[in-house]
>>> print(open('query01.txt').read())   # compact mmCIF, C-alpha atoms
# COMPACT_ATOMS: atom_id res chain seq x y z
CA MET A 1 90.90 -49.25 -67.13
CA LYS A 2 93.15 -49.05 -64.07
CA ILE A 3 93.03 -47.13 -60.79
CA THR A 4 96.04 -44.80 -60.68
CA ALA A 5 95.39 -42.93 -57.44
CA ILE A 6 92.80 -42.45 -54.69
CA LYS A 7 92.76 -39.12 -52.88
CA THR A 8 91.04 -38.51 -49.54
CA SER A 9 89.68 -35.36 -47.91
CA THR A 10 87.37 -34.31 -45.10
CA LEU A 11 84.55 -31.76 -45.07
CA ASN A 12 83.01 -30.61 -41.79
CA VAL A 13 79.53 -29.53 -42.84
CA VAL A 14 77.94 -27.21 -40.30
CA SER A 15 74.38 -27.99 -39.19
CA PRO A 16 71.87 -25.15 -39.57
CA PRO A 17 69.56 -24.19 -36.68
CA PRO A 18 67.71 -25.64 -34.87
CA ARG A 19 69.51 -28.89 -35.75
CA ASP A 20 72.82 -27.40 -34.55
CA LYS A 21 71.58 -27.64 -30.95
CA TYR A 22 71.72 -31.42 -31.24
CA TYR A 23 74.96 -31.74 -33.22
CA PRO A 24 76.99 -28.84 -34.61
CA TYR A 25 78.29 -30.55 -37.76
CA ASN A 26 78.72 -33.75 -39.76
CA SER A 27 82.01 -34.89 -41.25
CA TYR A 28 82.11 -36.14 -44.83
CA VAL A 29 85.14 -38.35 -45.46
CA VAL A 30 85.55 -38.20 -49.24
CA VAL A 31 87.45 -40.41 -51.68
CA ARG A 32 88.24 -39.55 -55.29
CA ILE A 33 89.17 -42.54 -57.44
CA GLN A 34 91.35 -41.55 -60.40
CA THR A 35 91.85 -43.76 -63.46
CA ASP A 36 94.19 -44.00 -66.42
CA GLU A 37 91.29 -43.11 -68.74
CA GLY A 38 90.65 -39.78 -67.03
CA ILE A 39 87.41 -40.84 -65.33
CA GLU A 40 87.15 -39.90 -61.65
CA GLY A 41 84.66 -41.42 -59.23
CA MET A 42 83.68 -39.73 -55.98
CA GLY A 43 82.45 -41.49 -52.87
CA TYR A 44 82.00 -40.52 -49.24
CA THR A 45 80.82 -41.59 -45.85
CA ILE A 46 79.17 -39.40 -43.22
CA LEU A 47 80.18 -39.28 -39.54
CA VAL A 48 77.56 -37.63 -37.36
CA ASN A 49 79.15 -34.89 -35.26
CA GLY A 50 82.49 -35.91 -36.74
CA ASP A 51 82.86 -38.86 -34.36
CA GLY A 52 85.32 -41.35 -35.86
CA ALA A 53 86.06 -39.35 -39.02
CA SER A 54 89.83 -39.34 -38.60
CA THR A 55 89.78 -43.07 -37.83
CA VAL A 56 87.79 -43.88 -40.97
CA ARG A 57 90.20 -41.83 -43.03
CA ALA A 58 93.20 -43.60 -41.49
CA TYR A 59 91.64 -47.00 -42.21
CA LEU A 60 91.10 -45.94 -45.82
CA GLU A 61 94.63 -44.70 -46.31
CA ASP A 62 96.44 -47.44 -44.39
CA ASN A 63 94.37 -50.55 -45.11
CA LEU A 64 92.17 -50.22 -48.18
CA ILE A 65 93.47 -47.72 -50.72
CA PRO A 66 96.87 -49.42 -51.23
CA ARG A 67 95.03 -52.64 -52.14
CA LEU A 68 93.05 -50.96 -54.94
CA ILE A 69 95.82 -49.13 -56.80
CA GLY A 70 96.38 -50.76 -60.20
CA GLU A 71 93.08 -52.66 -60.12
CA ASP A 72 90.27 -52.43 -62.68
CA PRO A 73 87.61 -50.15 -61.09
CA LEU A 74 84.86 -51.76 -63.16
CA GLN A 75 85.29 -55.08 -61.33
CA ILE A 76 83.40 -53.76 -58.36
CA GLY A 77 82.32 -57.11 -56.91
CA LYS A 78 85.90 -58.35 -56.93
CA LEU A 79 87.19 -55.18 -55.24
CA TRP A 80 84.42 -55.12 -52.61
CA GLN A 81 85.31 -58.67 -51.60
CA LYS A 82 89.03 -57.83 -51.61
CA MET A 83 88.37 -54.97 -49.19
CA TYR A 84 86.12 -57.11 -47.02
CA ASP A 85 88.68 -59.94 -46.88
CA SER A 86 91.68 -57.66 -46.37
CA ASP A 87 91.73 -57.73 -42.59
CA ARG A 88 90.37 -60.76 -40.78
CA GLY A 89 91.50 -59.41 -37.43
CA ILE A 90 88.78 -56.72 -37.34
CA ARG A 91 85.13 -57.67 -37.54
CA LYS A 92 83.31 -55.85 -40.36
CA LYS A 93 81.21 -53.57 -38.21
CA GLY A 94 81.60 -49.82 -37.77
CA ILE A 95 84.80 -48.12 -38.97
CA PRO A 96 85.91 -50.69 -41.61
CA VAL A 97 82.49 -50.72 -43.29
CA TYR A 98 82.23 -46.92 -43.29
CA ALA A 99 85.51 -46.97 -45.24
CA ILE A 100 84.42 -49.74 -47.62
CA SER A 101 81.18 -47.85 -48.24
CA ALA A 102 82.97 -44.70 -49.39
CA LEU A 103 85.15 -46.61 -51.86
CA ASP A 104 82.26 -48.72 -53.16
CA ILE A 105 80.22 -45.56 -53.83
CA GLY A 106 83.17 -44.09 -55.72
CA LEU A 107 83.69 -47.26 -57.77
CA TRP A 108 80.06 -47.30 -58.91
CA ASP A 109 80.40 -43.63 -59.82
CA VAL A 110 83.32 -44.58 -62.10
CA LEU A 111 81.31 -47.35 -63.75
CA GLY A 112 78.27 -45.15 -64.36
CA LYS A 113 80.43 -42.43 -65.89
CA ALA A 114 82.26 -45.00 -68.03
CA VAL A 115 79.02 -46.20 -69.63
CA GLU A 116 77.43 -42.73 -69.45
CA ARG A 117 74.34 -43.87 -67.58
CA PRO A 118 72.87 -43.07 -64.13
CA LEU A 119 73.13 -45.98 -61.72
CA TRP A 120 69.40 -46.48 -61.17
CA GLN A 121 68.99 -47.30 -64.86
CA LEU A 122 71.82 -49.86 -64.77
CA TRP A 123 70.04 -51.77 -62.01
CA GLY A 124 66.68 -52.05 -63.76
CA ALA A 125 64.60 -49.04 -62.81
CA VAL A 126 61.09 -49.48 -61.44
CA THR A 127 60.38 -45.74 -61.04
CA ASP A 128 61.98 -42.32 -61.51
CA ARG A 129 60.93 -40.86 -58.14
CA VAL A 130 60.52 -42.05 -54.56
CA PRO A 131 58.28 -40.60 -51.79
CA ALA A 132 60.10 -38.73 -49.04
CA TYR A 133 59.48 -38.19 -45.34
CA GLY A 134 60.70 -35.25 -43.30
CA GLY A 135 63.54 -36.22 -40.99
CA GLY A 136 64.72 -34.18 -38.02
CA GLY A 137 62.53 -33.44 -35.01
CA PHE A 138 65.36 -33.73 -32.49
CA ILE A 139 64.72 -33.92 -28.76
CA THR A 140 66.44 -30.55 -28.39
CA TYR A 141 63.62 -28.96 -30.45
CA THR A 142 60.77 -27.11 -28.83
CA VAL A 143 57.28 -28.11 -29.91
CA ASP A 144 57.28 -24.90 -31.93
CA ASP A 145 60.42 -26.08 -33.74
CA LEU A 146 58.78 -29.41 -34.47
CA VAL A 147 55.69 -27.77 -35.93
CA LYS A 148 57.67 -25.38 -38.12
CA GLU A 149 59.90 -28.14 -39.51
CA ALA A 150 56.93 -30.44 -40.11
CA GLU A 151 54.98 -27.70 -41.89
CA ALA A 152 57.98 -26.90 -44.12
CA THR A 153 58.16 -30.60 -45.02
CA LEU A 154 54.45 -30.77 -45.78
CA ALA A 155 54.80 -27.70 -48.01
CA LEU A 156 56.93 -29.87 -50.33
CA GLY A 157 54.05 -32.31 -50.70
CA CYS A 158 55.46 -34.87 -48.26
CA ARG A 159 52.90 -36.65 -46.08
CA HIS A 160 55.22 -38.17 -43.46
CA TYR A 161 57.24 -36.48 -40.70
CA LYS A 162 59.55 -38.00 -38.09
CA MET A 163 60.24 -36.70 -34.60
CA LYS A 164 62.60 -38.01 -31.94
CA ILE A 165 61.49 -39.34 -28.58
CA GLY A 166 63.62 -40.67 -25.75
CA LEU A 167 63.61 -37.94 -23.11
CA PRO A 168 63.98 -39.46 -19.61
CA ASN A 169 60.44 -38.50 -18.59
CA VAL A 170 58.22 -40.75 -20.68
CA MET A 171 55.17 -38.52 -20.24
CA GLU A 172 57.08 -35.52 -21.61
CA ASN A 173 57.57 -37.46 -24.84
CA VAL A 174 53.91 -38.43 -24.93
CA GLU A 175 52.90 -34.79 -24.53
CA ARG A 176 55.20 -33.71 -27.40
CA VAL A 177 53.70 -36.37 -29.67
CA ARG A 178 50.18 -35.34 -28.66
CA ALA A 179 50.91 -31.65 -29.26
CA LEU A 180 52.42 -32.27 -32.70
CA ARG A 181 49.56 -34.54 -33.76
CA LYS A 182 47.08 -31.86 -32.68
CA GLU A 183 48.88 -29.21 -34.77
CA LEU A 184 49.31 -31.36 -37.89
CA GLY A 185 45.89 -33.01 -37.92
CA ASN A 186 45.12 -36.60 -38.80
CA ASP A 187 46.09 -36.66 -42.49
CA VAL A 188 49.83 -36.61 -41.81
CA LYS A 189 51.73 -39.82 -41.06
CA LEU A 190 53.77 -39.36 -37.88
CA LEU A 191 56.95 -41.39 -37.28
CA VAL A 192 58.91 -41.57 -34.01
CA ASP A 193 62.58 -42.40 -33.41
CA VAL A 194 63.97 -43.42 -30.01
CA ASN A 195 67.62 -43.37 -31.19
CA GLN A 196 68.52 -46.34 -28.93
CA ARG A 197 67.74 -44.43 -25.70
CA TRP A 198 65.40 -46.78 -23.80
CA ASP A 199 65.19 -50.31 -22.48
CA VAL A 200 62.48 -52.79 -23.46
CA HIS A 201 60.11 -51.93 -20.62
CA THR A 202 60.24 -48.19 -21.26
CA ASN A 203 59.71 -48.67 -24.99
CA VAL A 204 56.66 -50.87 -24.44
CA LYS A 205 55.20 -48.35 -22.00
CA ALA A 206 55.84 -45.38 -24.31
CA ALA A 207 54.56 -47.14 -27.42
CA ARG A 208 51.28 -48.03 -25.74
CA LEU A 209 50.83 -44.44 -24.58
CA ILE A 210 51.39 -42.92 -28.05
CA GLU A 211 49.61 -45.62 -30.04
CA GLU A 212 46.39 -43.59 -30.07
CA TYR A 213 48.13 -40.89 -32.13
CA ASP A 214 48.38 -43.22 -35.14
CA ILE A 215 52.16 -43.67 -35.30
CA PHE A 216 53.43 -44.91 -38.68
CA TRP A 217 56.65 -46.45 -37.37
CA TYR A 218 58.65 -46.76 -34.14
CA GLU A 219 62.37 -46.52 -34.84
CA GLU A 220 65.52 -47.89 -33.19
CA PRO A 221 64.02 -48.57 -29.75
CA VAL A 222 67.09 -50.15 -28.07
CA TYR A 223 70.84 -50.43 -28.57
CA ALA A 224 71.51 -51.43 -32.17
CA ASP A 225 73.82 -54.18 -30.90
CA ASN A 226 70.97 -55.90 -29.06
CA ILE A 227 68.87 -57.43 -31.83
CA SER A 228 67.01 -59.82 -29.53
CA GLN A 229 65.72 -56.92 -27.41
CA CYS A 230 64.63 -55.05 -30.56
CA ALA A 231 62.73 -58.18 -31.58
CA GLU A 232 61.08 -58.30 -28.15
CA VAL A 233 59.91 -54.70 -28.53
CA ALA A 234 58.58 -55.53 -32.01
CA ARG A 235 56.58 -58.44 -30.59
CA ARG A 236 55.09 -56.46 -27.72
CA ILE A 237 53.96 -53.22 -29.36
CA ASN A 238 51.30 -52.51 -31.97
CA ILE A 239 53.37 -50.04 -34.01
CA PRO A 240 55.66 -51.30 -36.81
CA VAL A 241 59.30 -51.23 -35.72
CA ALA A 242 61.97 -49.76 -38.02
CA THR A 243 65.71 -50.10 -37.47
CA GLY A 244 69.04 -50.60 -39.22
CA GLU A 245 70.85 -47.27 -39.53
CA ASN A 246 73.57 -48.68 -37.27
CA GLU A 247 73.73 -52.13 -38.84
CA TYR A 248 76.33 -53.32 -41.34
CA THR A 249 76.42 -55.55 -44.44
CA ARG A 250 73.94 -58.16 -45.60
CA TYR A 251 74.89 -60.35 -42.63
CA GLY A 252 73.71 -57.84 -40.05
CA PHE A 253 70.44 -57.28 -41.88
CA ARG A 254 69.93 -61.03 -42.29
CA ASP A 255 70.02 -61.25 -38.49
CA LEU A 256 67.45 -58.45 -38.12
CA ILE A 257 65.12 -60.19 -40.59
CA GLU A 258 65.55 -63.69 -39.17
CA GLN A 259 64.87 -62.51 -35.62
CA LYS A 260 61.85 -60.47 -36.81
CA ALA A 261 63.28 -57.39 -35.15
CA ALA A 262 61.70 -54.99 -37.67
CA THR A 263 59.23 -54.79 -40.53
CA ILE A 264 60.98 -51.74 -42.00
CA LEU A 265 64.75 -51.53 -42.48
CA ASN A 266 66.76 -48.28 -42.43
CA PRO A 267 70.17 -49.09 -43.93
CA ASP A 268 72.57 -46.18 -44.35
CA ILE A 269 74.37 -46.42 -47.69
CA THR A 270 77.43 -44.64 -46.29
CA ARG A 271 77.69 -47.19 -43.44
CA CYS A 272 76.26 -50.52 -44.56
CA GLY A 273 78.71 -51.23 -47.40
CA GLY A 274 77.85 -48.78 -50.17
CA PHE A 275 75.70 -49.29 -53.26
CA SER A 276 76.77 -52.94 -53.60
CA GLU A 277 75.60 -53.93 -50.16
CA LEU A 278 72.47 -51.76 -50.10
CA LEU A 279 71.33 -53.59 -53.24
CA LYS A 280 71.94 -56.98 -51.61
CA ILE A 281 70.20 -55.93 -48.39
CA SER A 282 67.21 -54.65 -50.34
CA HIS A 283 66.87 -57.82 -52.41
CA LEU A 284 67.18 -59.97 -49.30
CA ALA A 285 64.47 -57.94 -47.58
CA ALA A 286 62.19 -58.18 -50.62
CA ALA A 287 62.09 -61.97 -50.23
CA TYR A 288 60.48 -61.40 -46.79
CA ASP A 289 58.23 -58.51 -47.88
CA VAL A 290 60.23 -56.19 -45.64
CA LYS A 291 60.31 -52.54 -46.75
CA ILE A 292 63.39 -50.34 -47.19
CA ALA A 293 63.54 -46.73 -45.95
CA PRO A 294 67.22 -45.67 -45.91
CA HIS A 295 68.84 -43.46 -43.30
CA LEU A 296 70.29 -40.16 -44.57
CA ALA A 297 72.10 -39.61 -47.93
CA PRO A 298 68.94 -39.58 -50.09
CA GLU A 299 71.02 -38.22 -52.98
CA LEU A 300 72.74 -41.62 -53.16
CA SER A 301 70.11 -44.04 -51.85
CA ILE A 302 67.61 -42.79 -54.45
CA HIS A 303 69.42 -44.82 -57.12
CA VAL A 304 68.82 -48.09 -55.26
CA MET A 305 65.32 -47.13 -54.17
CA ALA A 306 64.33 -46.45 -57.77
CA ALA A 307 65.48 -49.94 -58.76
CA ILE A 308 63.84 -52.17 -56.11
CA PRO A 309 60.22 -53.30 -55.58
CA ASN A 310 60.19 -52.83 -51.79
CA ALA A 311 61.14 -49.15 -51.53
CA LEU A 312 59.07 -47.31 -48.92
CA LEU A 313 60.37 -43.81 -48.15
CA LEU A 314 63.50 -41.65 -48.41
CA GLU A 315 64.63 -39.48 -45.51
CA TRP A 316 64.65 -35.79 -46.48
CA SER A 317 65.83 -33.11 -44.06
CA ILE A 318 64.44 -29.61 -44.46
CA THR A 319 66.95 -28.25 -41.94
CA ARG A 320 70.04 -29.17 -43.94
CA GLN A 321 72.69 -27.22 -45.82
CA THR A 322 71.35 -26.37 -49.28
CA ASP A 323 74.71 -25.20 -50.64
CA LEU A 324 76.39 -28.61 -50.37
CA TRP A 325 75.84 -29.83 -53.94
CA ARG A 326 76.36 -28.39 -57.39
CA GLU A 327 72.89 -29.70 -58.20
CA ASP A 328 70.66 -30.36 -55.22
CA PRO A 329 68.19 -33.25 -55.53
CA GLN A 330 64.70 -32.08 -56.43
CA VAL A 331 61.53 -32.85 -54.47
CA VAL A 332 58.36 -32.66 -56.56
CA ASP A 333 54.94 -33.36 -55.04
CA GLY A 334 56.54 -35.03 -52.05
CA SER A 335 58.86 -37.33 -53.99
CA VAL A 336 62.60 -37.15 -54.64
CA CYS A 337 63.38 -37.24 -58.37
CA VAL A 338 66.22 -39.48 -59.50
CA PRO A 339 69.09 -37.60 -61.20
CA ASN A 340 69.79 -38.47 -64.82
CA ARG A 341 73.47 -37.57 -64.70
CA PRO A 342 76.01 -40.40 -65.27
CA GLY A 343 77.11 -42.32 -62.19
CA HIS A 344 75.47 -41.18 -58.98
CA GLY A 345 75.44 -37.65 -60.35
CA MET A 346 76.54 -35.80 -57.21
CA GLU A 347 79.42 -33.38 -56.72
CA PHE A 348 80.19 -30.94 -53.95
CA SER A 349 79.71 -27.30 -54.89
CA GLU A 350 82.63 -24.90 -55.05
CA ALA A 351 80.99 -22.93 -52.23
CA ALA A 352 80.84 -26.05 -50.05
CA LEU A 353 84.49 -26.87 -50.69
CA ARG A 354 85.52 -23.34 -49.71
CA LYS A 355 83.42 -23.37 -46.54
CA TYR A 356 83.71 -26.91 -45.26
CA LEU A 357 86.93 -28.50 -46.55
CA VAL A 358 89.23 -29.27 -43.62
CA ASP A 359 92.11 -30.68 -45.65
CA GLY A 360 92.80 -32.56 -48.86
>>> encode(input="query01.txt", output="C-alpha cells")
Amino acid sequence: MKITAIKTSTLNVVSPPPRDKYYPYNSYVVVRIQTDEGIEGMGYTILVNGDGASTVRAYLEDNLIPRLIGEDPLQIGKLWQKMYDSDRGIRKKGIPVYAISALDIGLWDVLGKAVERPLWQLWGAVTDRVPAYGGGGFITYTVDDLVKEAEATLALGCRHYKMKIGLPNVMENVERVRALRKELGNDVKLLVDVNQRWDVHTNVKAARLIEEYDIFWYEEPVYADNISQCAEVARRINIPVATGENEYTRYGFRDLIEQKAATILNPDITRCGGFSELLKISHLAAAYDVKIAPHLAPELSIHVMAAIPNALLLEWSITRQTDLWREDPQVVDGSVCVPNRPGHGMEFSEAALRKYLVDG
C-alpha cells in the first residue's frame, strides 16, 4: 500500500453557550490520507479559539506531507520518526507536534481500516468503556451556569465534574467552589483547573483554602513551560496535581514524571504526538503508577484508554456541538463506550461539513 495524496482542510466549530463566552470556536485542522488501495484515513488536531490553525496547516503542507507521499502508510513507526526528524531547526514543541499528531491519527485510521478492526482491539484491550468526567466550568460562567452544567453531566451517570478557577481575587474562586460543592452535595467528585493563571504562592494559598471541599485534582497550576514550579506546587499542597495538556511527546512527559510535577497526566492526543505517542506516554506513566486522564478529544483517546492499565477518566463536555460526528460517542452509566468501527471510527457529519468547513 502506498500514500498517493494527503488533503488538508479546516473546520471552525462554533462553541455553544455558555462556553462561547470563553471562546467562540475551535478550529479542526483535518488531514485525509489517500492510498492506492482506496483506503482513506482521517486525522485532525484541534486549535482552541483557532489560535495557530493556519500555521499548523502550513507546517503540514510545506514540511510534512511532501515527505509522506509514496510511503507505506502501515509503517507508522517509521513515518512518525521521519516526521519528527524532518526538521532539526525547530524544537518539537507546539506547532510541529500538532501537525505530526494529525497525520499520526490519520495513519492509524488507515491501518485499522486495512485490517478491519477498531484500534483499541489492536493494542490489547483491557475494557470496552472508560469513566468520564464533565469538563467545562469556565471562569466566565455564573455559579448558576456551573450548577446546570454539572447537573447535566451527573444525569449521564458521571460522578466527576471540573470547574475552572484562576480569577484574580482568590476568595472569589473559593466562594465559587464552596457554592458548587453546596449545590452538588458530597457524593460528587469535584475537580479544579487553574489553566496556568497563578504563581506558586497564589496556588498554595488557594489550594489550602479549597482543600476542605474535597477536591479530586488540582490542574495546571502554573505555566506549562515551568515544570519545576509545577513540582513545587505539587509538593506543597494536599490535593493531587494534574497537568500535561500543553506538553508534547514522551520526552516532555518524562520530565513531568521525573520531577514529580503531577500524579495525574492530561496528554492531548491532538497535541502530544497522536496515537503513537499517547501510547508511549501512557506506558511510561504506568511504570510509575501515574494515571492518565486525557485532555479533550475523547472520541479518539478512548481507544488508548481502553488498552492501558492506568486509565483514570475521559474528559466529556456537555456543552459541545452534538452535530459534529456521523456517530457521536455514547455515554452509558457515566462511561464512554468504545466504538467498534474499523480504525478510530470517527467521521464528520455532512451537517458539520456544511456548517463549519472553512476551505478544503
>>> residues_around(input="query01.txt", residues="Val48 in chain A", least_positions_apart="4", cutoff="8 Å", atoms="only C-alpha atoms", output="JSON, numbers by chain")
{"A": [23, 25, 26, 27]}
>>> residues_around(input="query01.txt", residues="His344 in chain A", least_positions_apart="2", cutoff="7 Å", atoms="only C-alpha atoms", output="short mmCIF file (atom, residue, chain, number, x, y, z; two decimals) with C-alpha atoms, keeping the file's coordinate frame")
data_model
loop_
_atom_site.label_atom_id
_atom_site.label_comp_id
_atom_site.auth_asym_id
_atom_site.auth_seq_id
_atom_site.Cartn_x
_atom_site.Cartn_y
_atom_site.Cartn_z
CA ASP A 109 80.40 -43.63 -59.82
CA PRO A 118 72.87 -43.07 -64.13
CA LEU A 119 73.13 -45.98 -61.72
CA LEU A 300 72.74 -41.62 -53.16
CA PRO A 342 76.01 -40.40 -65.27
CA MET A 346 76.54 -35.80 -57.21
#
>>> atom_distance(input="query01.txt", atom1="CA of Val188 in chain A", atom2="CA of Arg159 in chain A")
5.3 Å
>>> closest_residue(input="query01.txt", among="A:Ala311, A:Ile239, A:Ala231, A:Ile165", to="Trp217 in chain A", atoms="only C-alpha atoms")
A:Ile239
>>> residues_around(input="query01.txt", residues="Tyr98 in chain A", least_positions_apart="3", cutoff="10 Å", atoms="only C-alpha atoms", output="number ranges by chain")
A: 29, 44-47, 52-53, 56-57, 59-60, 92-95, 101-103, 248, 268-274
>>> residues_around(input="query01.txt", residues="Arg197 in chain A", least_positions_apart="5", cutoff="10 Å", atoms="only C-alpha atoms", output="PDB file with C-alpha atoms, in the frame of the given file")
ATOM      1  CA  ILE A 165      61.490 -39.340 -28.580  1.00  0.00           C
ATOM      2  CA  GLY A 166      63.620 -40.670 -25.750  1.00  0.00           C
ATOM      3  CA  LEU A 167      63.610 -37.940 -23.110  1.00  0.00           C
ATOM      4  CA  PRO A 168      63.980 -39.460 -19.610  1.00  0.00           C
ATOM      5  CA  THR A 202      60.240 -48.190 -21.260  1.00  0.00           C
ATOM      6  CA  ASN A 203      59.710 -48.670 -24.990  1.00  0.00           C
ATOM      7  CA  GLU A 220      65.520 -47.890 -33.190  1.00  0.00           C
ATOM      8  CA  PRO A 221      64.020 -48.570 -29.750  1.00  0.00           C
ATOM      9  CA  VAL A 222      67.090 -50.150 -28.070  1.00  0.00           C
ATOM     10  CA  TYR A 223      70.840 -50.430 -28.570  1.00  0.00           C
TER      11      TYR A 223
END
>>> closest_residue(input="query01.txt", among="A:Gln330, A:Asn266, A:Ile318, A:Leu68", to="Glu151 in chain A", atoms="all atoms listed in the file")
A:Ile318
>>> closest_residue(input="query01.txt", among="A:Asn12, A:Asn310, A:Gln321, A:Thr153", to="Leu184 in chain A", atoms="only C-alpha atoms")
A:Thr153
>>> residues_around(input="query01.txt", residues="range 302-306 of chain A", least_positions_apart="6", cutoff="9 Å", atoms="all atoms listed in the file", output="ChimeraX atom specification")
/A:118-121,123-130,275,278-279,282,292-294,312-314,336-339,344
>>> residues_near_point(input="query01.txt", point="(69.2, -50.2, -42.3)", cutoff="7 Å", atoms="all atoms listed in the file", output="list of chain:residue names")
A:Thr243, A:Gly244, A:Glu245, A:Asn246, A:Glu247, A:Leu265, A:Asn266, A:Pro267, A:Asp268, A:Pro294, A:His295
>>> atom_distance(input="query01.txt", atom1="CA of Ile3 in chain A", atom2="CA of Asp104 in chain A")
13.3 Å
>>> closest_residue(input="query01.txt", among="A:Val170, A:Tyr251, A:Tyr288, A:Val13", to="Tyr356 in chain A", atoms="only C-alpha atoms")
A:Val13
>>> closest_residue(input="query01.txt", among="A:Glu350, A:Asp193, A:Glu116, A:Glu149", to="Pro17 in chain A", atoms="all atoms listed in the file")
A:Glu149
>>> atom_distance(input="query01.txt", atom1="CA of Gly70 in chain A", atom2="CA of Asp359 in chain A")
25.2 Å
>>> closest_residue(input="query01.txt", among="A:Arg250, A:Lys260, A:Lys189, A:Arg176", to="Glu277 in chain A", atoms="only C-alpha atoms")
A:Arg250
>>> axis_aligned_box(input="query01.txt", around="range 264-282 of chain A", padding_each_side="4 Å", output="lines of an AutoDock Vina configuration file")
center_x = 69.8
center_y = -50.8
center_z = -47.8
size_x = 25.7
size_y = 20.3
size_z = 19.6
>>> build_atoms(input="query01.txt", residues="range 265-283 of chain A", atoms="N, CA and C atoms", output="compact mmCIF listing (two decimals), in the coordinates of the input")
# COMPACT_ATOMS: atom_id res chain seq x y z
N LEU A 265 63.32 -51.64 -42.69
CA LEU A 265 64.75 -51.53 -42.48
C LEU A 265 65.25 -50.17 -42.94
N ASN A 266 66.21 -49.61 -42.16
CA ASN A 266 66.76 -48.28 -42.43
C ASN A 266 68.26 -48.32 -42.69
N PRO A 267 68.72 -49.07 -43.68
CA PRO A 267 70.17 -49.09 -43.93
C PRO A 267 70.68 -47.72 -44.36
N ASP A 268 71.91 -47.42 -43.95
CA ASP A 268 72.57 -46.18 -44.35
C ASP A 268 73.62 -46.54 -45.38
N ILE A 269 73.48 -46.04 -46.60
CA ILE A 269 74.37 -46.42 -47.69
C ILE A 269 75.82 -46.07 -47.41
N THR A 270 76.06 -45.04 -46.59
CA THR A 270 77.43 -44.64 -46.29
C THR A 270 78.01 -45.42 -45.11
N ARG A 271 77.22 -46.35 -44.55
CA ARG A 271 77.69 -47.19 -43.44
C ARG A 271 77.59 -48.68 -43.73
N CYS A 272 76.59 -49.09 -44.47
CA CYS A 272 76.26 -50.52 -44.56
C CYS A 272 77.11 -51.28 -45.57
N GLY A 273 77.89 -50.56 -46.39
CA GLY A 273 78.71 -51.23 -47.40
C GLY A 273 78.59 -50.64 -48.78
N GLY A 274 77.94 -49.47 -48.88
CA GLY A 274 77.85 -48.78 -50.17
C GLY A 274 76.70 -49.27 -51.03
N PHE A 275 76.74 -48.88 -52.31
CA PHE A 275 75.70 -49.29 -53.26
C PHE A 275 75.61 -50.81 -53.33
N SER A 276 76.76 -51.48 -53.41
CA SER A 276 76.77 -52.94 -53.60
C SER A 276 75.98 -53.64 -52.50
N GLU A 277 76.24 -53.24 -51.28
CA GLU A 277 75.60 -53.93 -50.16
C GLU A 277 74.16 -53.47 -49.95
N LEU A 278 73.86 -52.21 -50.22
CA LEU A 278 72.47 -51.76 -50.10
C LEU A 278 71.58 -52.51 -51.09
N LEU A 279 72.09 -52.79 -52.28
CA LEU A 279 71.33 -53.59 -53.24
C LEU A 279 71.08 -55.00 -52.69
N LYS A 280 72.10 -55.63 -52.14
CA LYS A 280 71.94 -56.98 -51.61
C LYS A 280 70.97 -57.00 -50.43
N ILE A 281 71.10 -56.03 -49.54
CA ILE A 281 70.20 -55.93 -48.39
C ILE A 281 68.76 -55.77 -48.85
N SER A 282 68.55 -54.92 -49.84
CA SER A 282 67.21 -54.65 -50.34
C SER A 282 66.60 -55.89 -50.99
N HIS A 283 67.39 -56.61 -51.77
CA HIS A 283 66.87 -57.82 -52.41
C HIS A 283 66.58 -58.91 -51.39
